[in-house]
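Data block for model_15.pdb (PDB, C-alpha atoms, pLDDT in the B column):
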```pdb
ATOM      1  CA  MET A 880      20.144  22.301 -20.027  1.00 45.00           C
ATOM      2  CA  HIS A 881      23.370  24.318 -19.669  1.00 45.00           C
ATOM      3  CA  ALA A 882      25.057  27.674 -19.590  1.00 44.00           C
ATOM      4  CA  ALA A 883      27.755  28.710 -22.035  1.00 46.00           C
ATOM      5  CA  GLY A 884      30.940  26.801 -21.297  1.00 53.00           C
ATOM      6  CA  ALA A 885      29.270  24.640 -18.652  1.00 57.00           C
ATOM      7  CA  PRO A 886      28.781  20.879 -18.792  1.00 61.00           C
ATOM      8  CA  GLU A 887      25.724  19.843 -20.769  1.00 85.00           C
ATOM      9  CA  TRP A 888      23.101  17.324 -19.794  1.00 84.00           C
ATOM     10  CA  VAL A 889      20.262  16.069 -21.914  1.00 88.00           C
ATOM     11  CA  VAL A 890      17.342  13.881 -20.849  1.00 90.00           C
ATOM     12  CA  ARG A 891      14.981  12.548 -23.502  1.00 92.00           C
ATOM     13  CA  GLU A 892      11.812  10.895 -22.261  1.00 94.00           C
ATOM     14  CA  ASP A 893       9.306   8.932 -24.333  1.00 95.00           C
ATOM     15  CA  ALA A 894       7.307   5.753 -24.619  1.00 97.00           C
ATOM     16  CA  ALA A 895       8.597   5.046 -28.105  1.00 98.00           C
ATOM     17  CA  PRO A 896       6.218   2.927 -30.187  1.00 98.00           C
ATOM     18  CA  ALA A 897       9.154   1.140 -31.828  1.00 98.00           C
ATOM     19  CA  ALA A 898      10.471   0.080 -28.409  1.00 98.00           C
ATOM     20  CA  LEU A 899       7.004  -1.020 -27.320  1.00 98.00           C
ATOM     21  CA  VAL A 900       6.606  -3.126 -30.458  1.00 98.00           C
ATOM     22  CA  ALA A 901       9.976  -4.776 -29.878  1.00 98.00           C
ATOM     23  CA  LEU A 902       9.083  -5.682 -26.299  1.00 98.00           C
ATOM     24  CA  HIS A 903       5.635  -6.898 -27.347  1.00 98.00           C
ATOM     25  CA  LEU A 904       7.313  -9.217 -29.854  1.00 97.00           C
ATOM     26  CA  ARG A 905       9.816 -10.430 -27.263  1.00 96.00           C
ATOM     27  CA  GLN A 906       6.921 -11.404 -25.045  1.00 95.00           C
ATOM     28  CA  VAL A 907       4.659 -13.141 -27.562  1.00 95.00           C
ATOM     29  CA  LEU A 908       7.576 -14.999 -29.132  1.00 94.00           C
ATOM     30  CA  GLY A 909       8.805 -16.217 -25.757  1.00 92.00           C
ATOM     31  CA  ILE A 910      12.284 -14.778 -26.308  1.00 93.00           C
ATOM     32  CA  ARG A 911      14.449 -14.872 -23.217  1.00 89.00           C
ATOM     33  CA  GLU A 912      16.449 -11.727 -23.677  1.00 92.00           C
ATOM     34  CA  LEU A 913      16.530  -8.785 -21.253  1.00 92.00           C
ATOM     35  CA  ASP A 914      15.555 -11.287 -18.564  1.00 89.00           C
ATOM     36  CA  GLU A 915      15.816  -8.606 -15.887  1.00 93.00           C
ATOM     37  CA  LEU A 916      13.174  -6.435 -17.576  1.00 96.00           C
ATOM     38  CA  PRO A 917       9.585  -7.371 -16.595  1.00 96.00           C
ATOM     39  CA  HIS A 918       6.927  -8.103 -19.174  1.00 96.00           C
ATOM     40  CA  LEU A 919       4.499  -5.542 -20.528  1.00 97.00           C
ATOM     41  CA  ARG A 920       1.047  -5.396 -18.979  1.00 96.00           C
ATOM     42  CA  GLY A 921      -2.075  -6.188 -20.961  1.00 92.00           C
ATOM     43  CA  ILE A 922      -0.662  -8.808 -23.318  1.00 92.00           C
ATOM     44  CA  ALA A 923      -2.332 -12.203 -23.257  1.00 81.00           C
ATOM     45  CA  PRO A 924       0.049 -15.083 -22.477  1.00 75.00           C
ATOM     46  CA  ALA A 925       1.272 -16.717 -25.652  1.00 75.00           C
ATOM     47  CA  ALA A 926       1.312 -20.464 -26.220  1.00 74.00           C
ATOM     48  CA  PRO A 927       4.775 -21.976 -25.658  1.00 68.00           C
ATOM     49  CA  PRO A 928       6.687 -21.721 -28.941  1.00 74.00           C
ATOM     50  CA  GLU A 929       7.384 -24.945 -30.802  1.00 83.00           C
ATOM     51  CA  ARG A 930      11.035 -24.366 -31.601  1.00 88.00           C
ATOM     52  CA  THR A 931      14.242 -26.289 -31.175  1.00 90.00           C
ATOM     53  CA  ALA A 932      16.962 -25.011 -28.862  1.00 91.00           C
ATOM     54  CA  ALA A 933      18.971 -23.978 -31.917  1.00 94.00           C
ATOM     55  CA  ASP A 934      15.977 -22.049 -33.302  1.00 93.00           C
ATOM     56  CA  ASP A 935      15.513 -20.347 -29.941  1.00 93.00           C
ATOM     57  CA  GLU A 936      19.137 -19.294 -29.862  1.00 95.00           C
ATOM     58  CA  LEU A 937      19.058 -17.940 -33.407  1.00 96.00           C
ATOM     59  CA  LEU A 938      15.817 -16.035 -32.872  1.00 96.00           C
ATOM     60  CA  ALA A 939      17.056 -14.581 -29.585  1.00 96.00           C
ATOM     61  CA  ALA A 940      20.281 -13.376 -31.198  1.00 97.00           C
ATOM     62  CA  GLN A 941      18.391 -11.725 -34.054  1.00 98.00           C
ATOM     63  CA  TRP A 942      15.902 -10.121 -31.680  1.00 98.00           C
ATOM     64  CA  ARG A 943      18.692  -8.797 -29.456  1.00 97.00           C
ATOM     65  CA  ALA A 944      20.430  -7.178 -32.430  1.00 97.00           C
ATOM     66  CA  TYR A 945      17.096  -5.740 -33.623  1.00 98.00           C
ATOM     67  CA  TRP A 946      16.425  -4.408 -30.114  1.00 98.00           C
ATOM     68  CA  GLU A 947      19.815  -2.706 -29.895  1.00 97.00           C
ATOM     69  CA  MET A 948      19.367  -1.087 -33.303  1.00 96.00           C
ATOM     70  CA  THR A 949      15.897   0.065 -32.252  1.00 97.00           C
ATOM     71  CA  ILE A 950      16.638   1.422 -28.783  1.00 96.00           C
ATOM     72  CA  GLU A 951      20.053   3.003 -29.521  1.00 96.00           C
ATOM     73  CA  PRO A 952      20.451   3.147 -33.313  1.00 94.00           C
ATOM     74  CA  GLN A 953      23.437   5.486 -33.299  1.00 91.00           C
ATOM     75  CA  ALA A 954      25.424   3.126 -31.076  1.00 92.00           C
ATOM     76  CA  HIS A 955      24.318   0.030 -33.011  1.00 94.00           C
ATOM     77  CA  PRO A 956      24.170   0.842 -36.731  1.00 93.00           C
ATOM     78  CA  SER A 957      23.304  -1.904 -39.167  1.00 93.00           C
ATOM     79  CA  PRO A 958      26.166  -2.971 -41.453  1.00 91.00           C
ATOM     80  CA  VAL A 959      23.636  -3.448 -44.272  1.00 95.00           C
ATOM     81  CA  PRO A 960      20.563  -1.450 -45.365  1.00 95.00           C
ATOM     82  CA  LEU A 961      17.362  -1.705 -43.339  1.00 96.00           C
ATOM     83  CA  ASP A 962      13.954  -2.610 -44.716  1.00 96.00           C
ATOM     84  CA  LEU A 963      10.586  -1.914 -43.146  1.00 97.00           C
ATOM     85  CA  VAL A 964       8.692  -5.091 -42.283  1.00 97.00           C
ATOM     86  CA  ASP A 965       5.219  -5.408 -43.798  1.00 97.00           C
ATOM     87  CA  GLY A 966       2.392  -4.852 -41.343  1.00 97.00           C
ATOM     88  CA  PHE A 967       4.380  -2.814 -38.836  1.00 98.00           C
ATOM     89  CA  ALA A 968       4.050   0.584 -40.549  1.00 96.00           C
ATOM     90  CA  THR A 969       7.346   2.381 -39.808  1.00 97.00           C
ATOM     91  CA  LEU A 970       7.861   0.742 -36.406  1.00 98.00           C
ATOM     92  CA  VAL A 971      10.013  -2.253 -37.384  1.00 98.00           C
ATOM     93  CA  ALA A 972      13.017  -2.086 -39.683  1.00 97.00           C
ATOM     94  CA  LEU A 973      15.322  -5.087 -40.007  1.00 97.00           C
ATOM     95  CA  PRO A 974      18.624  -5.501 -41.830  1.00 97.00           C
ATOM     96  CA  THR A 975      18.206  -6.895 -45.310  1.00 97.00           C
ATOM     97  CA  GLU A 976      20.579  -9.763 -44.487  1.00 96.00           C
ATOM     98  CA  GLY A 977      20.617 -12.218 -41.611  1.00 96.00           C
ATOM     99  CA  PHE A 978      17.180 -11.593 -40.127  1.00 98.00           C
ATOM    100  CA  ALA A 979      14.878 -13.769 -42.227  1.00 97.00           C
ATOM    101  CA  GLU A 980      13.947 -15.994 -39.292  1.00 96.00           C
ATOM    102  CA  LEU A 981      12.935 -13.088 -37.088  1.00 97.00           C
ATOM    103  CA  ALA A 982      11.008 -11.398 -39.902  1.00 97.00           C
ATOM    104  CA  SER A 983       9.039 -14.587 -40.480  1.00 96.00           C
ATOM    105  CA  ALA A 984       8.384 -15.184 -36.781  1.00 95.00           C
ATOM    106  CA  ILE A 985       7.045 -11.706 -36.054  1.00 96.00           C
ATOM    107  CA  ALA A 986       4.770 -11.420 -39.108  1.00 96.00           C
ATOM    108  CA  PRO A 987       1.636 -12.942 -37.466  1.00 95.00           C
ATOM    109  CA  TYR A 988       1.817 -10.474 -34.576  1.00 96.00           C
ATOM    110  CA  ALA A 989       2.076  -7.241 -36.556  1.00 97.00           C
ATOM    111  CA  ALA A 990      -1.436  -5.865 -36.050  1.00 97.00           C
ATOM    112  CA  ASP A 991      -1.584  -6.625 -32.324  1.00 96.00           C
ATOM    113  CA  ALA A 992       1.902  -5.263 -31.668  1.00 97.00           C
ATOM    114  CA  VAL A 993       1.256  -2.008 -33.538  1.00 98.00           C
ATOM    115  CA  ASP A 994      -2.123  -1.483 -31.864  1.00 97.00           C
ATOM    116  CA  PHE A 995      -0.615  -2.107 -28.424  1.00 97.00           C
ATOM    117  CA  ALA A 996       2.290   0.268 -29.041  1.00 98.00           C
ATOM    118  CA  ARG A 997       0.160   3.093 -30.368  1.00 98.00           C
ATOM    119  CA  SER A 998      -2.303   2.786 -27.504  1.00 97.00           C
ATOM    120  CA  ALA A 999       0.442   2.749 -24.856  1.00 97.00           C
ATOM    121  CA  HIS A1000       2.184   5.706 -26.477  1.00 97.00           C
ATOM    122  CA  ALA A1001      -1.065   7.680 -26.606  1.00 97.00           C
ATOM    123  CA  ARG A1002      -1.587   7.122 -22.861  1.00 96.00           C
ATOM    124  CA  TYR A1003       1.953   8.276 -22.147  1.00 94.00           C
ATOM    125  CA  ALA A1004       1.565  11.359 -24.359  1.00 93.00           C
ATOM    126  CA  ALA A1005      -1.682  12.333 -22.619  1.00 93.00           C
ATOM    127  CA  ARG A1006      -0.035  12.100 -19.197  1.00 89.00           C
ATOM    128  CA  ALA A1007       3.029  14.019 -20.386  1.00 86.00           C
ATOM    129  CA  ASP A1008       0.868  16.795 -21.847  1.00 86.00           C
ATOM    130  CA  ALA A1009      -1.081  17.061 -18.614  1.00 84.00           C
ATOM    131  CA  ALA A1010       2.126  17.278 -16.574  1.00 77.00           C
ATOM    132  CA  GLY A1011       3.717  19.906 -18.809  1.00 73.00           C
ATOM    133  CA  GLY A1012       7.129  21.163 -17.680  1.00 64.00           C
ATOM    134  CA  VAL A1013       6.654  19.618 -14.263  1.00 67.00           C
ATOM    135  CA  ALA A1014       7.617  16.241 -15.724  1.00 69.00           C
ATOM    136  CA  TYR A1015      11.281  17.223 -15.990  1.00 75.00           C
ATOM    137  CA  ARG A1016      11.640  18.674 -12.498  1.00 77.00           C
ATOM    138  CA  GLY A1017      12.501  15.249 -11.126  1.00 77.00           C
ATOM    139  CA  TYR A1018      15.623  15.090 -13.282  1.00 85.00           C
ATOM    140  CA  ALA A1019      16.691  18.647 -12.462  1.00 81.00           C
ATOM    141  CA  SER A1020      16.079  18.086  -8.755  1.00 80.00           C
ATOM    142  CA  ALA A1021      18.103  14.866  -8.720  1.00 80.00           C
ATOM    143  CA  LEU A1022      20.932  16.592 -10.585  1.00 83.00           C
ATOM    144  CA  ALA A1023      20.967  19.555  -8.185  1.00 81.00           C
ATOM    145  CA  GLN A1024      21.054  17.217  -5.185  1.00 83.00           C
ATOM    146  CA  HIS A1025      23.903  15.242  -6.737  1.00 76.00           C
ATOM    147  CA  GLU A1026      25.919  18.393  -7.363  1.00 81.00           C
ATOM    148  CA  ARG A1027      25.445  19.545  -3.769  1.00 83.00           C
ATOM    149  CA  ARG A1028      26.450  16.126  -2.459  1.00 83.00           C
ATOM    150  CA  VAL A1029      29.663  15.783  -4.502  1.00 81.00           C
ATOM    151  CA  GLY A1030      30.561  19.472  -4.393  1.00 78.00           C
ATOM    152  CA  ARG A1031      31.056  19.966  -8.126  1.00 81.00           C
ATOM    153  CA  ARG A1032      29.164  20.545 -11.336  1.00 81.00           C
ATOM    154  CA  ALA A1033      27.757  17.435 -12.979  1.00 75.00           C
ATOM    155  CA  HIS A1034      29.655  15.928 -15.886  1.00 81.00           C
ATOM    156  CA  SER A1035      28.051  16.201 -19.309  1.00 84.00           C
ATOM    157  CA  PHE A1036      25.727  13.295 -20.001  1.00 84.00           C
ATOM    158  CA  GLU A1037      22.818  12.052 -22.075  1.00 91.00           C
ATOM    159  CA  LEU A1038      20.030   9.906 -20.703  1.00 93.00           C
ATOM    160  CA  ASN A1039      17.164   8.353 -22.634  1.00 95.00           C
ATOM    161  CA  VAL A1040      14.144   7.319 -20.592  1.00 96.00           C
ATOM    162  CA  GLN A1041      11.490   4.918 -21.863  1.00 97.00           C
ATOM    163  CA  VAL A1042       8.318   5.042 -19.759  1.00 97.00           C
ATOM    164  CA  LEU A1043       6.733   1.628 -20.182  1.00 98.00           C
ATOM    165  CA  PRO A1044       3.621  -0.210 -18.924  1.00 98.00           C
ATOM    166  CA  LEU A1045       5.553  -2.957 -17.152  1.00 97.00           C
ATOM    167  CA  THR A1046       4.192  -5.513 -14.697  1.00 96.00           C
ATOM    168  CA  GLN A1047       6.597  -4.427 -11.918  1.00 96.00           C
ATOM    169  CA  ARG A1048       7.593  -1.004 -10.610  1.00 96.00           C
ATOM    170  CA  GLY A1049      11.200  -0.054 -11.018  1.00 96.00           C
ATOM    171  CA  VAL A1050      14.020   1.314 -13.133  1.00 96.00           C
ATOM    172  CA  TRP A1051      16.222  -0.817 -15.410  1.00 97.00           C
ATOM    173  CA  TRP A1052      19.151  -0.114 -17.709  1.00 96.00           C
ATOM    174  CA  ILE A1053      18.173  -1.286 -21.206  1.00 96.00           C
ATOM    175  CA  GLY A1054      21.040   0.302 -23.145  1.00 94.00           C
ATOM    176  CA  SER A1055      24.265   2.152 -22.489  1.00 92.00           C
ATOM    177  CA  LEU A1056      22.410   5.484 -22.359  1.00 93.00           C
ATOM    178  CA  THR A1057      18.851   4.263 -21.885  1.00 96.00           C
ATOM    179  CA  ILE A1058      16.723   3.257 -18.916  1.00 97.00           C
ATOM    180  CA  ALA A1059      13.199   1.867 -18.680  1.00 97.00           C
ATOM    181  CA  VAL A1060      10.886   3.233 -15.994  1.00 97.00           C
ATOM    182  CA  THR A1061       7.521   1.774 -15.094  1.00 97.00           C
ATOM    183  CA  ASP A1062       4.714   4.168 -15.970  1.00 95.00           C
ATOM    184  CA  GLY A1063       3.243   3.887 -12.467  1.00 94.00           C
ATOM    185  CA  LEU A1064       6.565   4.806 -10.880  1.00 94.00           C
ATOM    186  CA  ARG A1065       7.010   7.736 -13.270  1.00 92.00           C
ATOM    187  CA  GLY A1066       3.654   9.096 -12.141  1.00 88.00           C
ATOM    188  CA  ASP A1067       4.596   8.917  -8.433  1.00 90.00           C
ATOM    189  CA  VAL A1068       6.631  12.082  -7.863  1.00 85.00           C
ATOM    190  CA  ALA A1069       8.269  11.128  -4.562  1.00 87.00           C
ATOM    191  CA  ALA A1070       9.017   7.541  -5.592  1.00 91.00           C
ATOM    192  CA  PHE A1071      10.377   8.608  -8.970  1.00 90.00           C
ATOM    193  CA  ASP A1072      12.658  11.213  -7.400  1.00 87.00           C
ATOM    194  CA  ALA A1073      14.096   8.534  -5.123  1.00 89.00           C
ATOM    195  CA  ALA A1074      14.486   6.038  -7.971  1.00 92.00           C
ATOM    196  CA  ILE A1075      16.145   8.409 -10.439  1.00 90.00           C
ATOM    197  CA  ALA A1076      18.661   9.839  -7.951  1.00 87.00           C
ATOM    198  CA  PRO A1077      21.105   6.883  -8.094  1.00 90.00           C
ATOM    199  CA  ILE A1078      20.871   6.837 -11.900  1.00 91.00           C
ATOM    200  CA  ILE A1079      21.850  10.516 -12.088  1.00 88.00           C
ATOM    201  CA  ALA A1080      24.627   9.948  -9.552  1.00 86.00           C
ATOM    202  CA  GLU A1081      26.008   7.103 -11.684  1.00 85.00           C
ATOM    203  CA  ILE A1082      26.253   9.088 -14.910  1.00 84.00           C
ATOM    204  CA  ALA A1083      26.823  12.641 -13.690  1.00 77.00           C
TER     205      ALA A1083
END
```

Can you dump the structure from the file as C-alpha cells?
Amino acid sequence: MHAAGAPEWVVREDAAPAALVALHLRQVLGIRELDELPHLRGIAPAAPPERTAADDELLAAQWRAYWEMTIEPQAHPSPVPLDLVDGFATLVALPTEGFAELASAIAPYAADAVDFARSAHARYAARADAAGGVAYRGYASALAQHERRVGRRAHSFELNVQVLPLTQRGVWWIGSLTIAVTDGLRGDVAAFDAAIAPIIAEIA
C-alpha cells in the first residue's frame, strides 16, 4: 500500500499448507528446532523417536534447512535442484543431495501431514473470506499509529504472516521477514492490534 514516490509496505497473510506440513513433521519426528514456537494443536503425541544423538543432530539440521527453504525460499535458495517427495503432493520439496535421512524419516507421515495442512488451511481461508478487507485493518491501524508516534512516514518493509493453529496464543518471528500468529489471537481484533503494534514498530 503506497502512493507514488512514497515508502512501500507489503503484508502477506496466509496459513500456508507447506509451512503447516513442515511444522507437523517437526512435531511428529520430535525435532527440537524452533524451540520457542509452540506445537500445533490437534496432533496426537508421537512415540519418542529411537535415534542416536548424532541422528538427532543430522535430522534437525536437515529439517531446519528444509524449513528455511519452505518459509522464505527467496532468502534460502537450494544450491542443488529440488525434488517433490512422494506422498506430499506439491507441499514438500527437498534438495536432491544431502537430505536422504529427512526424506526417509518423513515418508510414513505423508498422508496425515497433508490432511492436517489442508484442513487447517481451509479453516483459515473460510475465516479470511468471512472477514474480507477488514482483516488487513489491523496492520494499517498499527502502521498509522507508529507513524504518528515517531513523527515520520514508515520505512518500506515486507512482512509475511503465517496464521497457525498453535497451542499457545502469541506472535513469534520464524524468519527474517516472517512471523507466526496464533489463529485465536488473529481472530481477536483488540488483542491482535496490541500484539502486532510492536512488530510494525520494529520493522517500519

If you count only C-alpha atoms, which residues fall within 12 Å of stretch 1044-1047 of chain A, apart from same-chain ones fewer than 6 positions away, as a PyMOL selection string? chain A and resi 894-896+898-899+902-903+906+915-922+995-996+998-1003+1059-1066

Length of the atom CA of A:Ala979 to atom CA of A:Thr949 vector [Å]: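 We find that atom CA of A:Ala979 and atom CA of A:Thr949 lie 17.1 Å from each other.
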
Can you give me, as a count of residues only, the residues this file yields under the PyMOL selection byres ((chain A and resi 1024-1036) around 8)? 15

Where does the PyMOL selection byres ((chain A and resi 931-945) around 8) land in this file, that is, which residues does it pick, as a list in words? Arg905, Ile910, Arg911, Glu912, Glu929, Arg930, Trp946, Glu947, Met948, Thr949, Leu973, Gly977, Phe978, Glu980 and Leu981 of chain A

Which residue of A:Ile1078, A:Arg1048, A:Ala1004, A:Val971 approaches A:Leu904 most closely, using only C-alpha atoms: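 The answer is A:Val971, which sits nearest to A:Leu904.
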
Could the centre and edge lengths of an axis-aligned box, enclosing all atoms of stretch 939-944 of chain A in the file with 6 Å extra on each side, be given in Å to one decimal as AutoDock Vina command-line options?
```
--center_x 18.2 --center_y -10.9 --center_z -31.8 --size_x 16.5 --size_y 19.4 --size_z 16.6
```

Residue nearest A:Val890 - candidates A:Asn1039, A:Thr975, A:Ser957, A:Ser1055, atoms counted: only C-alpha atoms: A:Asn1039

In Å, how far is it from atom CA of A:Tyr1018 to atom CA of A:Ala1070?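 It comes out at 12.6 Å.
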
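If you look at atom CA of A:Val1040 and atom CA of A:Asp914, they are 18.8 Å away from each other.
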
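Nearest residue to A:Val907 among A:Ile985, A:Leu963, A:Ile1053, A:Leu970 is A:Ile985, counting all atoms listed in the file.
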
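Closest approach to A:Ala984 among A:Pro928, A:Gly1049, A:Pro960, A:Pro952: A:Pro928, based on all atoms listed in the file.
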
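Shortest atom-to-atom contact with A:Gln953 among A:Ala972, A:Ala897, A:Leu1056, A:Ala1007: A:Leu1056, counting only C-alpha atoms.
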